[in-house]
Structure formats: structure tokens, C-alpha cells
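For reference, the structure discussed in these notes is given below.
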Amino acid sequence: MSSGSTERASTERSRAAASTGAAAPTVRKLPTQPPSSWEIRALEGVQATVGSVPGAVTAARAMSHFGEHALGWVAVAGVGAVVDRSRRRQWAAAAIGAVGAHAASIVVKRIVRRPRPDDPAVAVGVSTPSKLSFPSSHATSTTAAAVLMGRLTGLPLPAVIVPPMLLSRLILGVHYPTDVLAGSALGAASAGAVLRFEKRRPEKRRPEKRRSEKKSGER
């Protein structure tokens, strides 16, 4: 059989397979959640007011880079562990809580698959590692870190740190209002889980304390 005949036979077999309905399997995508009109208007309003203040976009970008992948909060916890050695375990828990909250937000993002703002009226002021929007990972990890570190330092960090971070994501046009609110709620829940675990975990006593208790028992 000639090469031309072989090619014609192969073509006929392909057409026959197509006629039997043997089509390639289609990949079903999860439905995304489109933004509401009020969220677009809210983004426009934030960018037209707070976002127009000189230095606002620059500050928002700095916060974005600091909170990327929760690395800034891990660094802060590392410094805290070095300076406050008596509570290194608590500082380590704060770092783990921030990273864990960030990971939880990524899981939710891949399930919901809501795209980031893409509207001519909304200016995007920073690049992002993914195109998924809900929830805001920055809001999630920042809230978790603020709650846990606030407990350690006794400072009102959630009230001081969380609102600016949430607002910065709107100024940069990379999240909708419901993204940052949901992220903050997820971060608070993650911090609560860490605190509950810490309460159940028995605290290690210092060697000096154990020795003093042993001596007092011998007397």
C-alpha cells in the first residue's frame, strides 16, 4: 500500500471516530461570583476619595509588598522571638497562624474562583500573583497576625492594623469590599483556632522552676 493510501485510510478512520460522537471530554469550570454593582461603585468611591490623597497609593503598595504571602508578618514574629525569648513559642504560633490563615484563603480562592476587579472605572495599582479575588489573602493573614500579636503585646493591633490593610486593597483596585471583609473574618477565625490550641497545649516549665520545686520537696 502506498503512503498516499495510508494517509487516506487514516483520515477516514478519524472521520469515522468523529461521526460516532467520540469527542474530547470537556472540562467543567466552577461558576464564578460576579461583583455586584454597589461593589464597583464602592471601589470608585474609595479611589476617588482616599486613593486620591497624595502618597496613598504608594503607602498601599508598600503594605501590599509587606503582606505578600504573609512574609512580612513572619519576619515580625521572628524578631519578636529573638527579642522576647521567654515567649518564643507564642511568637512562633503567631507566625504559624498568619501563614496558616494565608493558606486557608488560597484554598477558598480556588473553590470560589471569583475574578479580580476588571472594570474600566477601577484603576489597578499593583500586580498580583493570581487572578482570583475572594477572599483577600492580605486581609486574612493580617487579621490573624494582628489578633495573635495583639494578645502577645497587649496592644490594640487589630484596630490599628487591619482597617488600613483592608482599605489598601480597595485603593489598589485588586479586591472588592466583600473580598476584604470575608478575608478578615477568615483571619479572625484562624487566629481563634490557634489560641484554642495554645490553651489546650500544656506549657513547658523552665528547668530552674523544676529544680526549685524539687528542692522544696526534699526539705
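Residue numbering restarts at 1 for every chain of the C-alpha cells, chains are lettered A, B, ... in their displayed order, and ligands are numbered from 1 as they appear.
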
Taking only C-alpha atoms into account, produce a table as JSON lines in which each residue of range 28-93 of chain A with an atom at most 10 Å from an atom of range 194-202 of chain A appears once, together with its shortest atom pair and the distance in Å to one decimal, ordered by chain and rising number.
```
{"residue": "A:Arg89", "atom": "CA", "partner": "A:Glu198", "partner_atom": "CA", "distance": 9.5}
{"residue": "A:Gln90", "atom": "CA", "partner": "A:Glu198", "partner_atom": "CA", "distance": 8.3}
{"residue": "A:Ala93", "atom": "CA", "partner": "A:Val194", "partner_atom": "CA", "distance": 7.1}
```

Go ahead and write the selection's residues with N, CA and C atoms as an mmCIF file, in the first residue's frame.
```cif
data_model
loop_
_atom_site.group_PDB
_atom_site.id
_atom_site.type_symbol
_atom_site.label_atom_id
_atom_site.label_comp_id
_atom_site.auth_asym_id
_atom_site.auth_seq_id
_atom_site.Cartn_x
_atom_site.Cartn_y
_atom_site.Cartn_z
ATOM 1 N N ARG A 89 7.697 30.532 71.890
ATOM 2 C CA ARG A 89 6.667 29.626 71.382
ATOM 3 C C ARG A 89 5.439 30.400 70.925
ATOM 4 N N GLN A 90 5.059 31.430 71.681
ATOM 5 C CA GLN A 90 3.890 32.227 71.303
ATOM 6 C C GLN A 90 4.151 33.022 70.021
ATOM 7 N N ALA A 93 3.891 30.670 67.225
ATOM 8 C CA ALA A 93 2.482 30.385 66.952
ATOM 9 C C ALA A 93 1.851 31.519 66.143
#
```

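If only C-alpha atoms are the atoms counted, then among A:Gly173, A:Ala123, A:Ala144, A:Gly183 the closest residue to Ile106 in chain A is A:Gly183.
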
* Could you give me, as a ChimeraX atom specification, each residue of range 78-123 of chain A that DSSP assigns to helix (DSSP H, G or I) when run on this structure's backbone? => /A:78-83,85-112

Write out the residues from the selection above, keeping C-alpha atoms, as a PDB file, in the first residue's frame.
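Result file follows (selection02.pdb):
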```
ATOM      1  CA  GLY A  78      10.882  36.218  64.037  1.00  0.00           C
ATOM      2  CA  VAL A  79      12.118  39.488  65.519  1.00  0.00           C
ATOM      3  CA  GLY A  80       9.700  39.086  68.407  1.00  0.00           C
ATOM      4  CA  ALA A  81      11.005  35.585  69.108  1.00  0.00           C
ATOM      5  CA  VAL A  82      14.581  36.878  69.235  1.00  0.00           C
ATOM      6  CA  VAL A  83      13.813  39.868  71.451  1.00  0.00           C
ATOM      7  CA  ARG A  85      12.882  34.786  74.239  1.00  0.00           C
ATOM      8  CA  SER A  86      10.674  33.829  77.166  1.00  0.00           C
ATOM      9  CA  ARG A  87       7.704  33.712  74.781  1.00  0.00           C
ATOM     10  CA  ARG A  88       9.316  32.313  71.663  1.00  0.00           C
ATOM     11  CA  ARG A  89       6.667  29.626  71.382  1.00  0.00           C
ATOM     12  CA  GLN A  90       3.890  32.227  71.303  1.00  0.00           C
ATOM     13  CA  TRP A  91       5.715  34.240  68.643  1.00  0.00           C
ATOM     14  CA  ALA A  92       6.196  31.095  66.592  1.00  0.00           C
ATOM     15  CA  ALA A  93       2.482  30.385  66.952  1.00  0.00           C
ATOM     16  CA  ALA A  94       1.735  33.886  65.640  1.00  0.00           C
ATOM     17  CA  ALA A  95       3.861  33.240  62.556  1.00  0.00           C
ATOM     18  CA  ILE A  96       2.229  29.849  62.007  1.00  0.00           C
ATOM     19  CA  GLY A  97      -1.200  31.411  62.445  1.00  0.00           C
ATOM     20  CA  ALA A  98      -0.507  34.058  59.803  1.00  0.00           C
ATOM     21  CA  VAL A  99       0.847  31.529  57.312  1.00  0.00           C
ATOM     22  CA  GLY A 100      -1.968  29.092  58.044  1.00  0.00           C
ATOM     23  CA  ALA A 101      -4.562  31.807  57.526  1.00  0.00           C
ATOM     24  CA  HIS A 102      -2.941  32.704  54.218  1.00  0.00           C
ATOM     25  CA  ALA A 103      -3.042  29.054  53.136  1.00  0.00           C
ATOM     26  CA  ALA A 104      -6.714  28.796  54.098  1.00  0.00           C
ATOM     27  CA  SER A 105      -7.528  31.835  51.954  1.00  0.00           C
ATOM     28  CA  ILE A 106      -5.796  30.232  48.960  1.00  0.00           C
ATOM     29  CA  VAL A 107      -7.921  27.105  49.358  1.00  0.00           C
ATOM     30  CA  VAL A 108     -11.113  29.182  49.442  1.00  0.00           C
ATOM     31  CA  LYS A 109      -9.963  31.171  46.413  1.00  0.00           C
ATOM     32  CA  ARG A 110      -9.527  28.016  44.363  1.00  0.00           C
ATOM     33  CA  ILE A 111     -13.006  26.848  45.331  1.00  0.00           C
ATOM     34  CA  VAL A 112     -14.868  30.126  44.738  1.00  0.00           C
TER      35      VAL A 112
END
```

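Using only C-alpha atoms, the smallest distance between any of A:Ala146, A:Ala159, A:Met165, A:Ala77 and Ser190 in chain A comes from A:Ala146.
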
* To do: Give me, please, the distance in Å between CA of Val122 in chain A and CA of Ile161 in chain A, quoted to one decimal.
  => 24.6 Å

* Straight-line distance linking CA of Phe134 in chain A with CA of Ile40 in chain A, stated in Å to one decimal -> 14.8 Å

* **Selection: 7 Å around Pro115 in chain A, only C-alpha atoms, excl. self and same-chain fewer than 2 positions, as a count of residues only** => 5
